[in-house]
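A.B. asks: Have a peek at query_8.txt (compact mmCIF, C-alpha atoms and all ligand atoms).
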# COMPACT_ATOMS: atom_id res chain seq x y z
CA MET J 1 -108.32 70.39 -250.89
CA VAL J 2 -108.99 67.40 -248.62
CA LEU J 3 -106.40 64.67 -249.01
CA ASN J 4 -106.63 61.17 -247.65
CA LEU J 5 -103.04 60.86 -246.48
CA PRO J 6 -101.76 57.48 -245.28
CA SER J 7 -100.44 57.31 -241.71
CA LEU J 8 -96.84 58.22 -240.90
CA SER J 9 -96.07 54.58 -240.14
CA HIS J 10 -97.36 53.49 -243.54
CA LEU J 11 -95.40 56.19 -245.36
CA GLU J 12 -92.21 55.38 -243.43
CA ARG J 13 -92.40 51.77 -244.47
CA TYR J 14 -94.16 51.61 -247.79
CA ARG J 15 -93.58 54.88 -249.66
CA ASN J 16 -89.81 54.68 -249.84
CA GLU J 17 -89.27 52.52 -252.93
CA GLY J 18 -86.55 53.59 -255.34
CA THR J 19 -85.23 56.44 -253.14
CA ARG J 20 -82.08 54.82 -251.78
CA THR J 21 -79.91 55.51 -254.79
CA TYR J 22 -78.17 58.71 -253.59
CA SER J 23 -74.85 56.92 -252.96
CA PRO J 24 -73.39 53.51 -253.85
CA HIS J 25 -74.06 52.42 -250.22
CA ALA J 26 -77.59 53.73 -249.80
CA GLY J 27 -79.42 50.47 -250.55
CA TYR J 28 -77.24 48.31 -248.26
CA THR J 29 -78.57 46.83 -245.02
CA GLU J 30 -77.44 44.14 -242.57
CA ALA J 31 -80.77 44.20 -240.74
CA GLN J 32 -82.45 40.79 -240.68
CA ARG J 33 -85.39 40.82 -243.05
CA LYS J 34 -87.97 40.55 -240.27
CA TYR J 35 -86.72 43.80 -238.66
CA ARG J 36 -86.65 45.87 -241.84
CA PRO J 37 -89.17 48.64 -242.31
CA ASP J 38 -90.11 47.41 -245.77
CA GLY J 39 -91.41 43.89 -245.95
CA GLY J 40 -90.50 42.92 -242.36
CA LEU J 41 -92.83 41.98 -239.52
CA PRO J 42 -95.81 44.32 -238.98
CA SER J 43 -94.38 44.92 -235.48
CA PHE J 44 -92.10 43.08 -233.07
CA SER J 45 -91.24 42.82 -229.39
CA LEU J 46 -88.38 44.97 -228.13
CA PRO J 47 -86.61 43.23 -225.23
CA CYS J 48 -86.40 45.39 -222.09
CA PHE J 49 -84.51 45.05 -218.82
CA ALA J 50 -84.95 46.71 -215.44
CA MET J 51 -81.53 48.04 -214.47
CA PRO J 52 -80.42 49.42 -211.11
CA ARG J 53 -80.48 53.17 -211.67
CA GLU J 54 -77.22 53.88 -209.85
CA ARG J 55 -75.34 51.61 -212.28
CA MET J 56 -76.57 53.40 -215.42
CA HIS J 57 -76.15 56.88 -216.90
CA VAL J 58 -79.42 58.71 -217.46
CA TYR J 59 -79.78 61.95 -219.45
CA SER J 60 -82.91 63.99 -219.91
CA ALA J 61 -84.26 67.13 -221.55
CA ASN J 62 -87.69 68.04 -220.18
CA PRO J 63 -89.36 64.65 -220.74
CA PRO J 64 -93.15 64.51 -220.44
CA GLY J 65 -94.09 62.92 -217.12
CA GLU J 66 -95.66 59.87 -218.79
CA LEU J 67 -92.41 59.04 -220.60
CA ALA J 68 -90.28 59.64 -217.53
CA ARG J 69 -92.52 57.15 -215.70
CA ILE J 70 -92.25 54.48 -218.44
CA TYR J 71 -88.46 54.70 -218.79
CA THR J 72 -87.01 55.91 -215.50
CA GLY J 73 -88.07 54.86 -212.03
CA ALA J 74 -86.62 55.97 -208.71
CA ASP J 75 -84.59 52.76 -208.31
CA ASP J 76 -84.73 51.15 -211.76
CA VAL J 77 -84.37 52.34 -215.34
CA ARG J 78 -85.61 50.58 -218.42
CA PHE J 79 -82.97 49.37 -220.87
CA CYS J 80 -84.02 48.47 -224.44
CA ILE J 81 -81.95 46.25 -226.72
CA HIS J 82 -82.73 45.53 -230.35
CA PRO J 83 -83.46 41.78 -230.66
CA GLN J 84 -80.90 41.40 -233.47
CA VAL J 85 -78.21 42.61 -231.05
CA LEU J 86 -79.20 39.99 -228.47
CA ASP J 87 -79.28 37.43 -231.23
CA GLU J 88 -76.02 38.19 -233.07
CA ARG J 89 -73.91 40.03 -230.46
CA ALA J 90 -74.51 37.92 -227.34
CA ASP J 91 -70.87 38.37 -226.27
CA ASP J 92 -70.86 42.17 -226.55
CA PRO J 93 -69.64 43.38 -223.11
CA TYR J 94 -72.72 45.58 -222.64
CA VAL J 95 -75.13 42.79 -223.55
CA VAL J 96 -73.31 40.62 -221.01
CA GLN J 97 -73.45 43.44 -218.44
CA THR J 98 -77.19 43.96 -219.05
CA LEU J 99 -77.92 40.31 -218.40
CA LYS J 100 -75.66 40.34 -215.35
CA ILE J 101 -76.99 43.38 -213.50
CA GLY J 102 -80.49 43.70 -215.03
CA ALA J 103 -83.71 41.71 -214.82
CA LYS J 104 -85.86 40.96 -217.84
CA SER J 105 -88.98 43.15 -217.79
CA ASP J 106 -92.04 43.53 -220.03
CA PRO J 107 -91.06 44.15 -223.66
CA LEU J 108 -92.38 47.04 -225.74
CA GLN J 109 -94.23 46.45 -228.99
CA VAL J 110 -92.52 48.44 -231.75
CA GLU J 111 -92.59 49.17 -235.44
CA PRO J 112 -89.45 50.26 -237.35
CA GLY J 113 -89.32 53.62 -239.10
CA ALA J 114 -87.41 54.22 -242.34
CA SER J 115 -84.05 54.40 -240.56
CA THR J 116 -84.60 50.79 -239.28
CA ARG J 117 -83.10 51.48 -235.83
CA THR J 118 -85.61 54.09 -234.72
CA LEU J 119 -88.61 52.17 -233.48
CA HIS J 120 -92.08 53.59 -233.04
CA VAL J 121 -93.45 52.40 -229.68
CA LEU J 122 -97.02 51.16 -230.00
CA ASN J 123 -97.60 51.09 -226.23
CA GLY J 124 -98.14 54.89 -226.07
CA PRO J 125 -99.53 57.47 -225.47
CA PRO J 126 -97.73 59.75 -225.60
CA ASP J 127 -96.65 59.15 -229.14
CA HIS J 128 -92.95 58.31 -228.99
CA ALA J 129 -90.10 56.26 -230.44
CA VAL J 130 -86.87 54.74 -229.21
CA LYS J 131 -83.64 55.06 -231.16
CA VAL J 132 -81.60 51.99 -230.31
CA HIS J 133 -78.06 50.69 -230.68
CA PHE J 134 -77.81 48.75 -233.95
CA PRO J 135 -74.13 48.03 -234.66
CA PHE J 136 -74.90 46.59 -238.09
CA ARG J 137 -74.26 48.50 -241.25
CA ILE J 138 -77.15 50.30 -242.93
CA SER J 139 -76.14 52.40 -245.91
CA ARG J 140 -72.63 53.82 -245.17
CA TYR J 141 -72.46 53.29 -241.39
CA GLY J 142 -72.85 50.83 -238.55
CA ARG J 143 -75.61 52.36 -236.41
CA LYS J 144 -74.20 52.39 -232.90
CA MET J 145 -75.68 54.44 -230.06
CA ARG J 146 -72.66 55.28 -227.93
CA GLU J 147 -73.05 57.21 -224.70
CA GLU J 148 -71.44 60.43 -225.96
CA VAL J 149 -73.80 60.43 -228.95
CA ILE J 150 -76.80 59.92 -226.67
CA GLU J 151 -75.71 62.64 -224.27
CA GLN J 152 -75.08 65.11 -227.11
CA ALA J 153 -78.50 64.52 -228.71
CA ILE J 154 -80.10 65.32 -225.34
CA ASN J 155 -77.90 68.44 -225.00
CA VAL J 156 -78.94 69.64 -228.47
CA SER J 157 -82.61 68.93 -227.80
CA ARG J 158 -82.49 70.91 -224.55
CA GLU J 159 -80.70 73.88 -226.13
CA LEU J 160 -82.91 73.97 -229.23
CA GLU J 161 -86.06 73.78 -227.13
CA ALA J 162 -84.87 76.65 -224.93
CA GLY J 163 -83.96 78.77 -227.97
CA ILE J 164 -86.93 77.85 -230.16
CA GLU J 165 -88.07 81.49 -230.48
CA LYS J 166 -84.96 82.13 -232.59
CA MET J 167 -86.37 79.90 -235.34
CA ASP J 168 -89.27 80.89 -237.60
CA GLY J 169 -92.85 79.70 -237.11
CA ARG J 170 -92.55 77.02 -239.81
CA PHE J 171 -89.78 75.22 -237.93
CA ALA J 172 -90.53 72.31 -235.63
CA PHE J 173 -88.49 69.37 -234.39
CA LEU J 174 -88.79 66.06 -232.58
CA ARG J 175 -87.31 66.33 -229.11
CA GLU J 176 -84.93 63.70 -227.75
CA VAL J 177 -86.12 63.63 -224.16
CA ILE J 178 -84.45 60.71 -222.36
CA GLY J 179 -81.19 58.85 -222.90
CA VAL J 180 -79.97 55.78 -221.03
CA ALA J 181 -76.49 54.31 -221.39
CA HIS J 182 -74.20 51.85 -219.71
CA ALA J 183 -71.20 53.17 -217.79
CA ASN J 184 -67.92 52.65 -219.64
CA LEU J 185 -66.43 49.30 -218.63
CA HIS J 186 -63.18 50.00 -220.49
CA PRO J 187 -62.09 53.55 -219.61
CA GLU J 188 -58.65 52.82 -221.04
CA SER J 189 -60.04 52.43 -224.61
CA PRO J 190 -59.44 55.39 -226.98
CA ARG J 191 -63.18 56.02 -227.31
CA GLY J 192 -66.09 54.99 -225.07
CA GLU J 193 -67.88 52.12 -226.78
CA ASN J 194 -70.54 51.89 -224.05
CA TRP J 195 -74.00 52.23 -225.53
CA GLY J 196 -77.69 52.64 -224.84
CA TYR J 197 -80.73 54.27 -226.43
CA LEU J 198 -82.71 57.47 -226.78
CA VAL J 199 -86.40 58.21 -226.26
CA ARG J 200 -87.85 60.57 -228.87
CA ASP J 201 -91.06 62.49 -228.32
CA MET J 202 -92.91 62.10 -231.65
CA ARG J 203 -95.12 65.16 -231.09
CA PRO J 204 -93.53 67.99 -233.07
CA PHE J 205 -92.27 70.80 -230.84
CA PRO J 206 -93.62 73.47 -230.37
CA HIS J 207 -96.75 71.43 -229.72
CA VAL J 208 -100.01 72.28 -231.47
CA VAL J 209 -103.47 71.05 -230.54
CA GLU J 210 -104.84 70.71 -234.08
CA LYS J 211 -104.65 67.29 -235.71
CA ARG J 212 -101.94 67.17 -238.39
CA THR J 213 -100.34 64.39 -240.42
CA LEU J 214 -96.59 63.88 -240.82
CA VAL J 215 -95.21 63.05 -244.24
CA PRO J 216 -91.53 62.01 -244.52
CA GLY J 217 -89.55 63.87 -247.19
CA PHE J 218 -88.68 60.73 -249.16
CA SER J 219 -92.34 59.74 -249.43
CA LEU J 220 -92.91 62.78 -251.65
CA TYR J 221 -91.10 61.00 -254.48
CA GLY J 222 -90.81 57.40 -253.22
CA LYS J 223 -92.78 54.75 -255.06
CA ASP J 224 -95.43 52.70 -253.32
CA PHE J 225 -94.17 49.30 -252.09
CA TYR J 226 -97.39 47.53 -253.10
CA ASP J 227 -98.32 49.53 -256.18
CA PRO J 228 -95.26 51.02 -257.94
CA GLY J 229 -97.49 52.56 -260.61
CA LYS J 230 -99.32 54.78 -258.12
CA SER J 231 -98.83 58.52 -258.59
CA ILE J 232 -96.32 60.03 -256.16
CA LEU J 233 -97.45 62.00 -253.14
CA LEU J 234 -95.75 65.20 -254.30
CA PHE J 235 -98.18 65.45 -257.22
CA ASP J 236 -101.17 64.75 -254.94
CA LEU J 237 -100.02 67.61 -252.70
CA ILE J 238 -99.37 70.02 -255.57
CA GLY J 239 -102.87 69.31 -256.89
CA SER J 240 -103.89 72.25 -259.06
CA ALA J 241 -101.36 74.70 -257.52
CA ASN J 242 -98.49 76.22 -259.49
CA PRO J 243 -95.81 73.50 -259.08
CA LEU J 244 -92.80 75.83 -258.97
CA GLU J 245 -94.36 78.18 -256.46
CA PHE J 246 -95.69 75.32 -254.34
CA VAL J 247 -92.41 73.45 -254.15
CA LEU J 248 -90.36 76.58 -253.48
CA GLU J 249 -92.64 78.20 -250.93
CA SER J 250 -93.77 75.14 -248.97
CA ILE J 251 -90.72 72.89 -249.13
CA LEU J 252 -87.38 74.17 -250.45
CA LEU J 253 -87.18 77.73 -249.12
CA PRO J 254 -88.43 76.91 -245.60
CA ILE J 255 -85.85 74.11 -245.32
CA ILE J 256 -83.04 76.41 -246.47
CA ARG J 257 -84.14 78.96 -243.86
CA HIS J 258 -84.10 76.24 -241.22
CA TRP J 259 -80.64 75.01 -242.17
CA VAL J 260 -79.31 78.58 -242.04
CA GLY J 261 -81.23 79.44 -238.84
CA CYS J 262 -79.86 76.39 -237.00
CA PHE J 263 -76.36 77.28 -238.16
CA LEU J 264 -76.50 80.99 -237.42
CA HIS J 265 -78.19 80.76 -234.02
CA PHE J 266 -76.71 77.55 -232.63
CA GLY J 267 -73.84 76.42 -234.88
CA TYR J 268 -75.80 73.22 -235.64
CA LEU J 269 -75.39 71.45 -238.97
CA ILE J 270 -78.79 69.86 -239.42
CA GLU J 271 -79.03 67.15 -242.07
CA PRO J 272 -82.27 67.75 -243.94
CA HIS J 273 -82.22 64.76 -246.28
CA GLY J 274 -85.38 62.90 -247.22
CA GLN J 275 -85.42 60.76 -244.08
CA ASN J 276 -84.73 63.54 -241.54
CA VAL J 277 -87.44 65.90 -242.74
CA LEU J 278 -91.17 65.52 -242.16
CA LEU J 279 -93.84 67.80 -243.59
CA GLU J 280 -96.63 68.59 -241.18
CA ILE J 281 -99.92 68.79 -243.05
CA ASP J 282 -103.28 69.99 -241.77
CA GLU J 283 -106.69 68.49 -242.50
CA ASN J 284 -107.08 70.70 -245.59
CA GLY J 285 -103.88 69.35 -247.14
CA VAL J 286 -101.87 72.51 -246.37
CA ILE J 287 -98.20 72.14 -245.36
CA LYS J 288 -98.01 74.06 -242.08
CA ARG J 289 -94.48 73.35 -240.85
CA VAL J 290 -91.35 71.35 -241.58
CA VAL J 291 -90.48 69.00 -238.73
CA HIS J 292 -86.82 68.05 -238.33
CA ARG J 293 -85.74 64.83 -236.68
CA ASP J 294 -82.39 63.35 -235.72
CA LEU J 295 -80.43 65.66 -233.41
CA SER J 296 -77.07 63.92 -233.89
CA VAL J 297 -75.88 67.03 -235.67
CA GLY J 298 -72.40 68.37 -236.36
CA ILE J 299 -71.65 71.43 -234.23
CA ASP J 300 -69.58 74.23 -235.72
CA MET J 301 -67.50 75.57 -232.85
CA ARG J 302 -66.26 78.49 -234.99
CA ARG J 303 -69.81 79.75 -235.27
CA ARG J 304 -70.48 79.24 -231.57
CA ARG J 305 -67.40 81.25 -230.65
CA ASP J 306 -68.47 84.02 -233.04
CA LEU J 307 -71.85 84.05 -231.28
CA GLY J 308 -70.27 83.99 -227.84
CA LEU J 309 -72.24 80.81 -227.10
CA SER J 310 -70.94 78.70 -224.26
CA ASP J 311 -69.95 75.11 -224.94
CA ALA J 312 -70.45 74.17 -221.30
CA GLY J 313 -73.63 72.22 -222.12
CA LEU J 314 -71.96 70.18 -224.88
CA ASN J 315 -69.63 67.22 -224.85
CA ALA J 316 -66.85 66.57 -227.40
CA TYR J 317 -68.95 64.62 -229.91
CA ASN J 318 -69.20 65.95 -233.49
CA ARG J 319 -67.54 69.29 -232.79
CA MET J 320 -66.32 70.82 -236.05
CA GLU J 321 -63.55 73.36 -236.57
CA ALA J 322 -63.69 73.53 -240.40
CA GLY J 323 -66.30 73.89 -243.11
CA HIS J 324 -66.26 70.50 -244.90
CA PHE J 325 -69.29 69.14 -243.14
CA LEU J 326 -71.31 72.30 -243.83
CA SER J 327 -71.03 71.48 -247.50
CA ILE J 328 -71.83 67.79 -246.97
CA THR J 329 -75.03 68.59 -245.09
CA TYR J 330 -76.15 71.54 -247.24
CA ASP J 331 -74.93 70.68 -250.74
CA LYS J 332 -75.17 66.89 -250.58
CA PHE J 333 -77.70 65.71 -247.97
CA MET J 334 -80.19 68.51 -248.54
CA GLY J 335 -79.40 69.69 -252.09
CA GLY J 336 -78.19 66.53 -253.82
CA HIS J 337 -79.93 63.72 -251.95
CA PHE J 338 -83.25 65.45 -251.34
CA PHE J 339 -83.99 68.63 -253.34
CA ASP J 340 -82.64 67.22 -256.61
CA ARG J 341 -85.02 64.26 -256.31
CA ILE J 342 -88.01 66.55 -255.88
CA VAL J 343 -86.86 68.64 -258.82
CA ASP J 344 -86.28 65.55 -261.03
CA ALA J 345 -89.84 64.42 -260.33
CA CYS J 346 -91.19 67.88 -261.22
CA LEU J 347 -89.19 68.12 -264.45
CA LYS J 348 -90.65 64.84 -265.68
CA ARG J 349 -94.19 65.96 -265.04
CA TYR J 350 -93.86 69.65 -265.91
CA PRO J 351 -91.42 69.73 -268.85
CA HIS J 352 -91.65 73.52 -269.22
CA LEU J 353 -89.70 73.87 -265.95
CA THR J 354 -85.90 73.66 -265.60
CA ALA J 355 -83.74 72.71 -262.61
CA ASP J 356 -82.52 76.28 -262.39
CA ASP J 357 -86.08 77.57 -261.98
CA PHE J 358 -85.89 75.87 -258.56
CA ARG J 359 -82.23 76.41 -257.77
CA ALA J 360 -81.81 80.09 -258.65
CA PRO J 361 -84.39 81.38 -256.10
CA CYS J 362 -82.84 79.08 -253.49
CA ARG J 363 -79.37 80.47 -254.14
CA THR J 364 -80.75 84.01 -253.92
CA GLU J 365 -82.49 83.28 -250.62
CA PHE J 366 -79.40 81.62 -249.17
CA GLN J 367 -77.15 84.57 -250.08
CA HIS J 368 -79.75 87.00 -248.76
CA ILE J 369 -80.17 85.40 -245.33
CA PHE J 370 -76.53 84.33 -244.96
CA PRO J 371 -74.34 86.92 -246.69
CA ASP J 372 -71.37 85.96 -244.51
CA ASN J 373 -71.41 82.35 -245.75
CA PRO J 374 -67.92 82.40 -247.38
CA ALA J 375 -66.45 82.89 -243.90
CA TYR J 376 -67.64 79.38 -242.98
CA PHE J 377 -68.29 77.38 -246.17
CA PRO J 378 -65.72 75.88 -248.53
CA ARG J 379 -66.12 77.20 -252.09
CA THR J 380 -66.63 73.76 -253.64
CA VAL J 381 -68.76 70.73 -252.78
CA GLN J 382 -67.31 68.25 -250.28
CA TYR J 383 -68.32 64.62 -249.79
CA PHE J 384 -67.27 61.39 -248.10
CA SER J 385 -64.16 59.57 -249.22
CA GLU J 386 -64.27 55.77 -249.42
CA GLU J 387 -61.34 55.75 -246.95
CA ARG J 388 -62.07 55.62 -243.25
CA ASP J 389 -60.33 56.45 -239.97
CA ALA J 390 -59.52 53.99 -237.17
CA PHE J 391 -63.14 54.19 -235.91
CA GLY J 392 -64.64 53.53 -239.35
CA LYS J 393 -65.59 57.17 -239.96
CA PRO J 394 -65.09 58.20 -243.60
CA PHE J 395 -62.74 61.08 -244.38
CA PHE J 396 -63.98 64.09 -246.34
CA ILE J 397 -62.91 64.86 -249.91
CA ASP J 398 -63.20 67.92 -252.11
CA THR J 399 -65.22 66.99 -255.22
CA GLY J 400 -64.06 70.21 -256.92
CA LYS J 401 -67.65 70.80 -258.10
CA MET J 402 -69.39 74.15 -257.78
CA PRO J 403 -72.45 74.11 -255.50
CA ALA J 404 -75.90 74.17 -257.12
CA TRP J 405 -78.02 75.31 -254.18
CA ARG J 406 -76.00 78.20 -252.66
N1 LIG J 501 -85.03 57.80 -248.65
C1 LIG J 501 -84.09 57.83 -247.73
N2 LIG J 501 -83.19 58.85 -247.70
C2 LIG J 501 -82.24 58.86 -246.75
N3 LIG J 501 -82.08 57.90 -245.80
C3 LIG J 501 -82.95 56.88 -245.82
C4 LIG J 501 -83.98 56.81 -246.77
N4 LIG J 501 -84.67 55.68 -246.53
C5 LIG J 501 -84.12 55.08 -245.51
N5 LIG J 501 -83.08 55.77 -245.05
C6 LIG J 501 -82.24 55.35 -243.93
O1 LIG J 501 -82.35 56.30 -242.90
C7 LIG J 501 -81.11 56.45 -242.25
C8 LIG J 501 -80.64 57.88 -242.39
O2 LIG J 501 -79.55 58.10 -241.53
P1 LIG J 501 -79.64 59.06 -240.33
O3 LIG J 501 -78.33 59.09 -239.63
O4 LIG J 501 -80.25 60.35 -240.79
O5 LIG J 501 -80.80 58.43 -239.40
P2 LIG J 501 -80.71 57.68 -238.02
O6 LIG J 501 -79.81 58.47 -237.15
O7 LIG J 501 -80.36 56.25 -238.19
O8 LIG J 501 -82.21 57.70 -237.45
P3 LIG J 501 -83.20 58.91 -237.07
O9 LIG J 501 -83.36 59.77 -238.30
O10 LIG J 501 -84.46 58.25 -236.67
O11 LIG J 501 -82.60 59.69 -235.96
C9 LIG J 501 -80.14 55.47 -242.89
O12 LIG J 501 -80.16 54.27 -242.19
C10 LIG J 501 -80.75 55.30 -244.28
O13 LIG J 501 -80.44 54.05 -244.87
MG MG J 502 -82.08 60.26 -239.73
Would it be possible to restate this file's structure as structure tokens?
C.D. replies:
Amino acid sequence: MVLNLPSLSHLERYRNEGTRTYSPHAGYTEAQRKYRPDGGLPSFSLPCFAMPRERMHVYSANPPGELARIYTGADDVRFCIHPQVLDERADDPYVVQTLKIGAKSDPLQVEPGASTRTLHVLNGPPDHAVKVHFPFRISRYGRKMREEVIEQAINVSRELEAGIEKMDGRFAFLREVIGVAHANLHPESPRGENWGYLVRDMRPFPHVVEKRTLVPGFSLYGKDFYDPGKSILLFDLIGSANPLEFVLESILLPIIRHWVGCFLHFGYLIEPHGQNVLLEIDENGVIKRVVHRDLSVGIDMRRRRDLGLSDAGLNAYNRMEAGHFLSITYDKFMGGHFFDRIVDACLKRYPHLTADDFRAPCRTEFQHIFPDNPAYFPRTVQYFSEERDAFGKPFFIDTGKMPAWR
């Protein structure tokens, strides 16, 4: 079957209608309209500054030479700031510091992806994006890029790349290859608020030569921005295949295996919701791999100790010592926010199917590949409370519900 799939950039921006309903906060954004992925400017200029390298903190995980050259010089490093930050946060200490010690350099031309703050850089090749500090609320959170978050994403990228043979052949991910952050100007504060940005290699790793298209998870069931009546992409991909078999074998089961593989081999809690998952599709319309993005994962230190894995390459960010967040990522982000939407779409179109036709084989697979799961998981589904800690992070609560996907 030959499919005429729209580009990733089009899908990111214009096949996401009606999907942000998974929580009461999901549709909320403080991004100025012109910078939003849907309905904003076709592209915009990202302000950049040349900063003295010895004043900045630079992290890297095997960046391709071309990207290292664009972002890090021997004496200077590039610093990117979202224009809305320059506009609305001119007195932020790190904006002030940038203007004080840096010199304005050529901007990059960028296009926002679905997360708003990850910006596809049009000046490539190589194909890459920058994930920038955006301290405005989108959905539940303000989207800061603090140094410890940047450093940890680079640590995770490096470790996952080095251990990639532990994952199956349908797993791929987008590497975070360079991070640049300001030094902390207020070391006495309880948490470093110094920030910067990440450079993401957009070529799925392990690299393949063949031309393939990336399709974000949400665009399987998202409506078209321009033509809401258009049939959804999931049905185009299913074509004349058996819908249950297709959805299980090419989407749900591989993602469950990836969640479990990342947990068992690394202690990582990946968050495979509709925005963090991309399907990689070949020219015949066949889903070859699932590509995971966003390496700001929780890290289960209990699992790492059980594996005898060193924590020397990790900083303190997002370390977990209990199972609540396992349930949030598996039961809610993946199961509730993503899989249930795919299933809902299928049930409408194929009324002979039931939700349990999809869920039961997933539960069986999960128990089969992760029999020891009760040692790590809470029995019931956990989620975010509406109450937050001093840094604005929501607490976890026990919903008391029994999980549907494990
Ligand atoms: N259909 C969708 N499902 C989930 N999140 C979505 C969807 N569409 C847009 N988003 C946005 O994507 C972001 C998801 O948050 P998440 O922390 O995974 O991404 P991020 O860290 O901002 O960016 P990236 O995934 O590029 O690393 C939120 O800002 C959310 O509003
Ligand atoms: Mg994301």
A.B. asks: I'd like the neighbourhood of region 397-399 of chain J as an mmCIF file with C-alpha atoms, in the frame of the given file, where a residue qualifies if any of its atoms comes within 10 Å (using all atoms listed in the file), though same-chain residues fewer than 5 positions away should be ignored.
C.D. replies:
data_model
loop_
_atom_site.group_PDB
_atom_site.id
_atom_site.type_symbol
_atom_site.label_atom_id
_atom_site.label_comp_id
_atom_site.auth_asym_id
_atom_site.auth_seq_id
_atom_site.Cartn_x
_atom_site.Cartn_y
_atom_site.Cartn_z
ATOM 1 C CA HIS J 324 -66.260 70.500 -244.900
ATOM 2 C CA SER J 327 -71.030 71.480 -247.500
ATOM 3 C CA ILE J 328 -71.830 67.790 -246.970
ATOM 4 C CA PRO J 378 -65.720 75.880 -248.530
ATOM 5 C CA ARG J 379 -66.120 77.200 -252.090
ATOM 6 C CA THR J 380 -66.630 73.760 -253.640
ATOM 7 C CA VAL J 381 -68.760 70.730 -252.780
ATOM 8 C CA GLN J 382 -67.310 68.250 -250.280
ATOM 9 C CA TYR J 383 -68.320 64.620 -249.790
ATOM 10 C CA PHE J 384 -67.270 61.390 -248.100
ATOM 11 C CA SER J 385 -64.160 59.570 -249.220
ATOM 12 C CA GLU J 386 -64.270 55.770 -249.420
ATOM 13 C CA GLU J 387 -61.340 55.750 -246.950
#
A.B. asks: Take CA of Leu185 (chain J) and CA of Leu119 (chain J) and report the distance between them in Å, one decimal.
C.D. replies: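 About the pair CA of Leu185 (chain J) and CA of Leu119 (chain J): they are 26.8 Å apart.
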A.B. asks: Output the neighbourhood of ligand MG 502 (chain J) as a PDB file with C-alpha atoms, in the coordinates of the input, that is, all protein and nucleic acid residues with some atom at most 8 Å from the ligand, counting only C-alpha atoms and all ligand atoms.
C.D. replies:
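Final file, part.pdb:
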ATOM      1  CA  SER J 115     -84.050  54.400-240.560  1.00  0.00           C
ATOM      2  CA  GLU J 271     -79.030  67.150-242.070  1.00  0.00           C
ATOM      3  CA  HIS J 273     -82.220  64.760-246.280  1.00  0.00           C
ATOM      4  CA  GLN J 275     -85.420  60.760-244.080  1.00  0.00           C
ATOM      5  CA  ASN J 276     -84.730  63.540-241.540  1.00  0.00           C
ATOM      6  CA  ARG J 293     -85.740  64.830-236.680  1.00  0.00           C
ATOM      7  CA  ASP J 294     -82.390  63.350-235.720  1.00  0.00           C
TER       8      ASP J 294
END
A.B. asks: Counting all atoms listed in the file, what are the residues of region 134-226 of chain J within 10 Å of region 297-302 of chain J, and for each of them which pair of atoms is the nearest and at what distance in Å, to one decimal? Sort the table by chain and rising number, as CSV.
C.D. replies:
residue,atom,partner,partner_atom,distance
J:Val149,CA,J:Val297,CA,9.6
J:Gln152,CA,J:Val297,CA,8.8
J:Ala153,CA,J:Val297,CA,7.8
J:Val156,CA,J:Val297,CA,8.2
A.B. asks: Using CA of Tyr59 (chain J) and CA of Phe325 (chain J) as the two end points, give the distance in Å to one decimal.
C.D. replies: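 Those two atoms sit 26.9 Å apart.
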A.B. asks: Region 356-360 of chain J: which residues within 10 Å, counting all atoms listed in the file, same-chain residues fewer than 5 positions away excluded, as a list in words?
C.D. replies: Leu244, Glu245, Val247, Leu248, Leu252, Leu253, Gly335, Phe339, Asp340, Ile342, Val343, Cys346, Glu365, Phe366, Ala404, Trp405 and Arg406 of chain J
A.B. asks: Please report, as AutoDock Vina command-line options, the centre and edge lengths in Å to one decimal of an axis-aligned box covering all listed atoms of ligand LIG 501 (chain J) with 4 Å per side.
C.D. replies:
--center_x -81.7 --center_y 57.2 --center_z -242.3 --size_x 14.7 --size_y 14.3 --size_z 20.7
A.B. asks: What lies within 10 Å of Asp168 (chain J) using all atoms listed in the file, ignoring chain neighbours under 4 positions off, as a short mmCIF file (atom, residue, chain, number, x, y, z; two decimals) with C-alpha atoms, keeping the file's coordinate frame?
C.D. replies:
data_model
loop_
_atom_site.label_atom_id
_atom_site.label_comp_id
_atom_site.auth_asym_id
_atom_site.auth_seq_id
_atom_site.Cartn_x
_atom_site.Cartn_y
_atom_site.Cartn_z
CA ILE J 164 -86.93 77.85 -230.16
CA ALA J 172 -90.53 72.31 -235.63
CA PRO J 254 -88.43 76.91 -245.60
CA ARG J 257 -84.14 78.96 -243.86
CA HIS J 258 -84.10 76.24 -241.22
CA GLY J 261 -81.23 79.44 -238.84
CA ARG J 289 -94.48 73.35 -240.85
#
A.B. asks: Give one line per residue of chain J that approaches ligand LIG 501 (chain J) to at most 7 Å, naming the two atoms of the closest pair and their distance in Å to one decimal, counting all atoms listed in the file; sort by chain then ascending residue number and deliver it as a tab-separated table.
C.D. replies:
residue	atom	partner	partner_atom	distance
J:Asn16	CA	J:LIG501	N1	5.8
J:Thr19	CA	J:LIG501	N1	4.7
J:Arg20	CA	J:LIG501	N1	5.2
J:Ala26	CA	J:LIG501	O13	5.7
J:Gly27	CA	J:LIG501	O13	6.8
J:Ala114	CA	J:LIG501	C5	4.6
J:Ser115	CA	J:LIG501	O1	3.5
J:Thr116	CA	J:LIG501	O12	6.3
J:Arg117	CA	J:LIG501	O7	6.0
J:Thr118	CA	J:LIG501	O10	4.7
J:Lys131	CA	J:LIG501	O10	6.4
J:Ile138	CA	J:LIG501	O12	5.0
J:Ser139	CA	J:LIG501	O13	4.7
J:Arg143	CA	J:LIG501	O7	6.4
J:Phe218	CA	J:LIG501	N1	4.7
J:His273	CA	J:LIG501	C2	5.9
J:Gly274	CA	J:LIG501	N2	4.6
J:Gln275	CA	J:LIG501	C2	4.6
J:Asn276	CA	J:LIG501	O9	5.2
J:Arg293	CA	J:LIG501	O9	5.8
J:Asp294	CA	J:LIG501	O11	3.7
J:Leu295	CA	J:LIG501	O11	6.8
J:Ser296	CA	J:LIG501	O6	6.9
